[in-house]
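As provided, work22.txt (compact mmCIF, C-alpha atoms and all ligand atoms) reads as follows.
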# COMPACT_ATOMS: atom_id res chain seq x y z
CA MET A 1 4.78 16.90 -22.12
CA THR A 2 6.44 13.56 -21.46
CA ARG A 3 5.76 9.90 -22.12
CA LEU A 4 5.11 7.41 -19.37
CA SER A 5 5.10 3.61 -19.48
CA LEU A 6 4.95 1.49 -16.37
CA THR A 7 3.58 -1.74 -14.97
CA ILE A 8 0.49 -1.47 -12.77
CA ASN A 9 -0.81 -4.47 -10.87
CA GLY A 10 1.16 -6.77 -13.15
CA LYS A 11 -0.07 -5.21 -16.40
CA ALA A 12 2.10 -3.16 -18.74
CA SER A 13 0.47 0.25 -19.25
CA GLY A 14 1.28 3.02 -21.67
CA PRO A 15 2.86 4.80 -23.24
CA PHE A 16 0.82 7.77 -22.06
CA GLU A 17 1.41 11.36 -23.08
CA ILE A 18 1.28 13.36 -19.85
CA ARG A 19 2.09 16.83 -18.51
CA ASP A 20 5.50 16.98 -16.83
CA THR A 21 3.86 18.33 -13.69
CA LEU A 22 1.06 15.75 -13.46
CA SER A 23 1.12 14.06 -10.05
CA MET A 24 1.07 10.29 -9.80
CA ASN A 25 -2.16 10.58 -7.81
CA ASP A 26 -3.91 12.49 -10.59
CA PHE A 27 -2.50 10.09 -13.17
CA LEU A 28 -3.90 7.02 -11.39
CA ARG A 29 -7.23 8.59 -10.55
CA GLU A 30 -7.92 10.76 -13.62
CA TYR A 31 -6.19 8.89 -16.45
CA LEU A 32 -6.70 5.30 -15.31
CA GLU A 33 -9.75 5.68 -13.05
CA LEU A 34 -7.90 3.78 -10.32
CA THR A 35 -9.68 5.76 -7.65
CA GLY A 36 -8.81 3.33 -4.86
CA THR A 37 -5.67 5.41 -4.37
CA LYS A 38 -6.89 8.31 -2.25
CA PHE A 39 -5.91 11.95 -2.01
CA GLY A 40 -5.77 13.17 1.59
CA CYS A 41 -3.44 15.89 2.80
CA GLY A 42 -1.67 16.46 -0.50
CA MET A 43 1.52 17.17 1.47
CA ALA A 44 3.14 13.75 1.97
CA GLN A 45 1.91 13.67 5.58
CA CYS A 46 -0.91 11.09 5.77
CA LEU A 47 0.02 8.35 3.25
CA SER A 48 -3.59 7.68 2.25
CA CYS A 49 -2.22 8.04 -1.29
CA ALA A 50 0.54 5.42 -0.92
CA VAL A 51 1.11 2.76 -3.55
CA ILE A 52 3.54 -0.16 -3.58
CA VAL A 53 6.67 0.14 -5.70
CA ASP A 54 8.28 -3.21 -6.59
CA ASN A 55 12.03 -2.95 -6.97
CA PRO A 56 13.99 -5.05 -9.47
CA ASP A 57 15.81 -6.81 -6.59
CA GLY A 58 12.53 -8.30 -5.32
CA THR A 59 12.08 -5.86 -2.44
CA SER A 60 9.14 -3.47 -2.26
CA MET A 61 8.35 -0.17 -0.61
CA THR A 62 5.49 2.27 -0.49
CA SER A 63 5.56 5.70 -2.03
CA PRO A 64 3.19 8.62 -1.67
CA THR A 65 1.65 9.72 -4.95
CA CYS A 66 0.23 13.13 -4.06
CA VAL A 67 3.45 15.10 -4.28
CA VAL A 68 5.34 12.81 -6.65
CA PRO A 69 5.31 13.45 -10.40
CA ALA A 70 3.85 10.60 -12.45
CA ALA A 71 6.84 10.94 -14.78
CA SER A 72 9.15 9.74 -11.99
CA PHE A 73 7.43 6.32 -12.19
CA GLU A 74 8.66 5.75 -15.75
CA GLY A 75 9.62 2.09 -16.17
CA LYS A 76 8.61 1.16 -12.63
CA SER A 77 6.32 -1.57 -11.43
CA ILE A 78 3.67 -0.56 -8.91
CA ARG A 79 0.72 -2.09 -7.12
CA THR A 80 -2.41 -0.27 -6.03
CA VAL A 81 -5.27 -1.34 -3.79
CA GLU A 82 -7.10 -2.61 -6.88
CA GLY A 83 -4.39 -5.25 -7.36
CA HIS A 84 -4.66 -7.12 -4.05
CA ALA A 85 -7.71 -9.32 -4.69
CA ARG A 86 -7.29 -12.32 -7.01
CA ASN A 87 -10.15 -13.83 -9.02
CA GLY A 88 -12.67 -11.97 -6.90
CA GLN A 89 -11.09 -13.25 -3.66
CA LEU A 90 -9.80 -10.73 -1.14
CA SER A 91 -6.18 -11.14 -0.06
CA THR A 92 -5.42 -12.56 3.37
CA LEU A 93 -4.70 -9.09 4.70
CA GLN A 94 -7.85 -7.61 3.20
CA LYS A 95 -9.88 -10.36 4.87
CA ALA A 96 -8.16 -9.63 8.18
CA PHE A 97 -9.00 -5.92 7.85
CA VAL A 98 -12.65 -6.83 7.31
CA GLU A 99 -12.72 -9.36 10.16
CA HIS A 100 -11.23 -6.80 12.55
CA PHE A 101 -13.52 -3.96 11.42
CA ALA A 102 -10.26 -2.13 10.87
CA PHE A 103 -11.71 0.74 8.90
CA GLN A 104 -14.57 3.14 9.39
CA CYS A 105 -14.77 5.64 6.52
CA GLY A 106 -12.09 3.63 4.71
CA TYR A 107 -10.25 6.63 3.36
CA CYS A 108 -6.90 5.60 4.82
CA THR A 109 -7.39 1.88 4.13
CA PRO A 110 -5.60 1.57 0.76
CA GLY A 111 -2.47 3.10 2.29
CA PHE A 112 -2.57 0.83 5.35
CA LEU A 113 -3.25 -2.18 3.14
CA ASN A 114 -0.31 -1.44 0.87
CA GLU A 115 1.99 -0.84 3.84
CA GLY A 116 0.83 -3.98 5.61
CA GLN A 117 1.37 -6.03 2.46
CA VAL A 118 4.90 -4.67 2.06
CA LEU A 119 5.57 -5.64 5.67
CA LEU A 120 4.24 -9.19 5.17
CA GLU A 121 6.41 -9.68 2.11
CA ARG A 122 9.44 -8.27 3.92
CA LEU A 123 8.92 -10.60 6.87
CA ALA A 124 8.50 -13.56 4.51
CA ARG A 125 12.00 -12.75 3.21
CA THR A 126 13.48 -11.69 6.55
CA PRO A 127 11.52 -13.04 9.53
CA VAL A 128 11.75 -11.32 12.92
CA ALA A 129 11.68 -12.74 16.43
CA ARG A 130 8.28 -12.82 18.14
CA ALA A 131 9.59 -10.38 20.74
CA GLU A 132 10.28 -7.81 18.01
CA LEU A 133 6.91 -8.15 16.32
CA GLU A 134 4.98 -5.36 18.03
CA LYS A 135 7.69 -2.81 17.36
CA THR A 136 8.08 -4.08 13.80
CA ILE A 137 4.39 -3.53 13.07
CA LEU A 138 4.39 -0.17 14.83
CA ASP A 139 7.41 1.03 12.86
CA ALA A 140 6.02 -0.26 9.55
CA LEU A 141 2.61 1.42 9.88
CA ASP A 142 4.02 4.57 11.42
CA GLY A 143 3.31 7.59 9.26
CA HIS A 144 -0.12 6.42 8.10
CA ILE A 145 -2.79 8.68 9.53
CA CYS A 146 -6.31 7.46 10.22
CA ARG A 147 -8.65 10.34 10.99
CA CYS A 148 -11.17 7.80 12.33
CA THR A 149 -8.43 6.57 14.72
CA GLY A 150 -8.62 2.92 13.73
CA TYR A 151 -4.96 2.27 14.47
CA VAL A 152 -5.43 -0.52 16.99
CA LYS A 153 -7.62 -2.55 14.65
CA TYR A 154 -5.21 -2.19 11.77
CA HIS A 155 -2.35 -3.33 13.99
CA GLU A 156 -4.38 -6.28 15.29
CA ALA A 157 -5.25 -7.38 11.77
CA VAL A 158 -1.64 -7.31 10.60
CA ARG A 159 -0.49 -9.09 13.77
CA ASP A 160 -3.11 -11.82 13.34
CA VAL A 161 -2.03 -12.56 9.78
CA ILE A 162 1.58 -12.89 10.96
CA LEU A 163 0.78 -15.03 14.00
CA ALA A 164 -1.42 -17.31 11.89
CA ASP A 165 1.65 -18.31 9.87
CA PRO A 166 4.62 -18.08 12.27
CA ASN A 167 6.85 -20.37 10.22
CA ARG A 168 6.64 -17.91 7.40
CA TYR A 169 6.96 -14.60 9.21
CA LEU A 170 8.75 -15.26 12.51
CA ARG A 171 12.06 -16.80 13.46
S1 LIG B 201 -2.40 12.58 0.33
FE1 LIG B 201 -0.40 11.92 -0.04
S2 LIG B 201 0.48 11.80 1.91
FE2 LIG B 201 -1.50 12.62 2.30
S1 LIG B 202 -10.95 4.72 8.54
FE1 LIG B 202 -11.46 6.80 8.23
S2 LIG B 202 -9.52 7.76 8.03
FE2 LIG B 202 -9.05 5.75 8.60
Re-express the file's structure as structure tokens.
Amino acid sequence: MTRLSLTINGKASGPFEIRDTLSMNDFLREYLELTGTKFGCGMAQCLSCAVIVDNPDGTSMTSPTCVVPAASFEGKSIRTVEGHARNGQLSTLQKAFVEHFAFQCGYCTPGFLNEGQVLLERLARTPVARAELEKTILDALDGHICRCTGYVKYHEAVRDVILADPNRYLR
């Protein structure tokens, strides 16, 4: 057994007494009932289980949770799909996903949303040229699998959010 304390969606959580082998996915879903984080392939191949990890230097990245022990998140700060909306209002990216009918079954959506949000925040810190935008989006969302094949709509939604605020995201 081990103890785990971490910050989830801005709230300090823990300490929890957990099995050393408990996966982060089971921890979120079974201990905290944060079932927005999905379990797909279970082999770090589809990223439907991805959450955002916020680094101390202000950068962020996504991490799969299916094959990663919960204990390895000790002291970290993470965001899940449940943390995007504020005061009952969807985030800009969530609204864009809805407006573009980006998802069908929605199973992959939390992973795409987290990845898209990380991209937006990265571009806000380090804007890219308009000519690099398509490749930037493609590279960022690469690795996320949508069995309903909604890739184009996801890409369009992310692109629209960026193009709607070029002073923020583009140079
Ligand atoms: S469920 Fe984690 S990568 Fe597929
Ligand atoms: S919307 Fe069904 S897997 Fe992507």
Neighbours of ligand LIG 202 (chain B) within 6 Å, counting only C-alpha atoms and all ligand atoms, as an MDAnalysis selection string?
chainID A and resid 103:108 146:148 150
Please check which protein, DNA or RNA residues sit within 12 Å of ligand LIG 201 (chain B), counting all atoms listed in the file, and write them as number ranges by chain.
A: 23-26, 37-51, 62-69, 107-108, 110-112, 143-147
Show me the residues close to (-5.7, -6.6, 8.6) - anything with an atom within 7 Å, counting all atoms listed in the file - and format the list as an mmCIF file with C-alpha atoms, keeping the file's coordinate frame.
data_model
loop_
_atom_site.group_PDB
_atom_site.id
_atom_site.type_symbol
_atom_site.label_atom_id
_atom_site.label_comp_id
_atom_site.auth_asym_id
_atom_site.auth_seq_id
_atom_site.Cartn_x
_atom_site.Cartn_y
_atom_site.Cartn_z
ATOM 1 C CA LEU A 93 -4.700 -9.090 4.700
ATOM 2 C CA GLN A 94 -7.850 -7.610 3.200
ATOM 3 C CA LYS A 95 -9.880 -10.360 4.870
ATOM 4 C CA ALA A 96 -8.160 -9.630 8.180
ATOM 5 C CA PHE A 97 -9.000 -5.920 7.850
ATOM 6 C CA HIS A 100 -11.230 -6.800 12.550
ATOM 7 C CA ALA A 102 -10.260 -2.130 10.870
ATOM 8 C CA TYR A 154 -5.210 -2.190 11.770
ATOM 9 C CA GLU A 156 -4.380 -6.280 15.290
ATOM 10 C CA ALA A 157 -5.250 -7.380 11.770
ATOM 11 C CA VAL A 158 -1.640 -7.310 10.600
#
What gap, in Å, lies between CA of Ser77 in chain A and CA of Tyr151 in chain A?
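Interatomic distance, CA of Ser77 in chain A to CA of Tyr151 in chain A: 28.5 Å.
Among the candidate residues A:Glu82, A:Glu99, A:Asp20, A:Glu115, the one lying nearest to Val53 in chain A is A:Glu115, with distances computed using all atoms listed in the file.
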Pairwise distance, CA of Leu34 in chain A with CA of Asp57 in chain A, equals 26.2 Å
Using all atoms listed in the file, can you tell me which of A:Arg159, A:Phe27, A:His84, A:Ser60 comes closest to Asn9 in chain A?
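Ranked by minimum distance to Asn9 in chain A, first place goes to A:His84.
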note - CA of Gln89 in chain A and CA of Val128 in chain A are separated by 28.3 Å
Can you work out which one of A:Arg125, A:His155, A:Ser91, A:Tyr31 has the shortest atom-to-atom distance to Asp142 in chain A, counting only C-alpha atoms?
A:His155
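Nearest to Ser72 in chain A of all the residues A:Ala85, A:Leu22, A:Leu163, A:Ile52 is A:Leu22, counting all atoms listed in the file.
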Skip Thr2 in chain A itself and residues of its chain fewer than 6 positions away, then list as a ChimeraX atom specification all residues within 7 Å of it, counting all atoms listed in the file.
/A:17-20
Take every atom of range 85-90 of chain A listed in the file, fit an axis-aligned box around them, add 5 Å per side, and give the centre and edge lengths in Å to one decimal as AutoDock Vina command-line options.
--center_x -10.0 --center_y -11.6 --center_z -5.1 --size_x 15.4 --size_y 14.5 --size_z 17.9
I'd like the neighbourhood of Gly14 in chain A as a VMD selection string, where a residue qualifies if any of its atoms comes within 7 Å (using only C-alpha atoms), though same-chain residues fewer than 3 positions away should be ignored.
chain A and resid 4 to 6
Just-selected residues, C-alpha atoms written as an mmCIF file, in the coordinates of the input:
data_model
loop_
_atom_site.group_PDB
_atom_site.id
_atom_site.type_symbol
_atom_site.label_atom_id
_atom_site.label_comp_id
_atom_site.auth_asym_id
_atom_site.auth_seq_id
_atom_site.Cartn_x
_atom_site.Cartn_y
_atom_site.Cartn_z
ATOM 1 C CA LEU A 4 5.110 7.410 -19.370
ATOM 2 C CA SER A 5 5.100 3.610 -19.480
ATOM 3 C CA LEU A 6 4.950 1.490 -16.370
#
Show which residues sit within 10 Å of Arg130 in chain A, as an MDAnalysis selection string. Count only C-alpha atoms, and ignore same-chain residues fewer than 5 positions away.
chainID A and resid 136 162:163 166 169:171
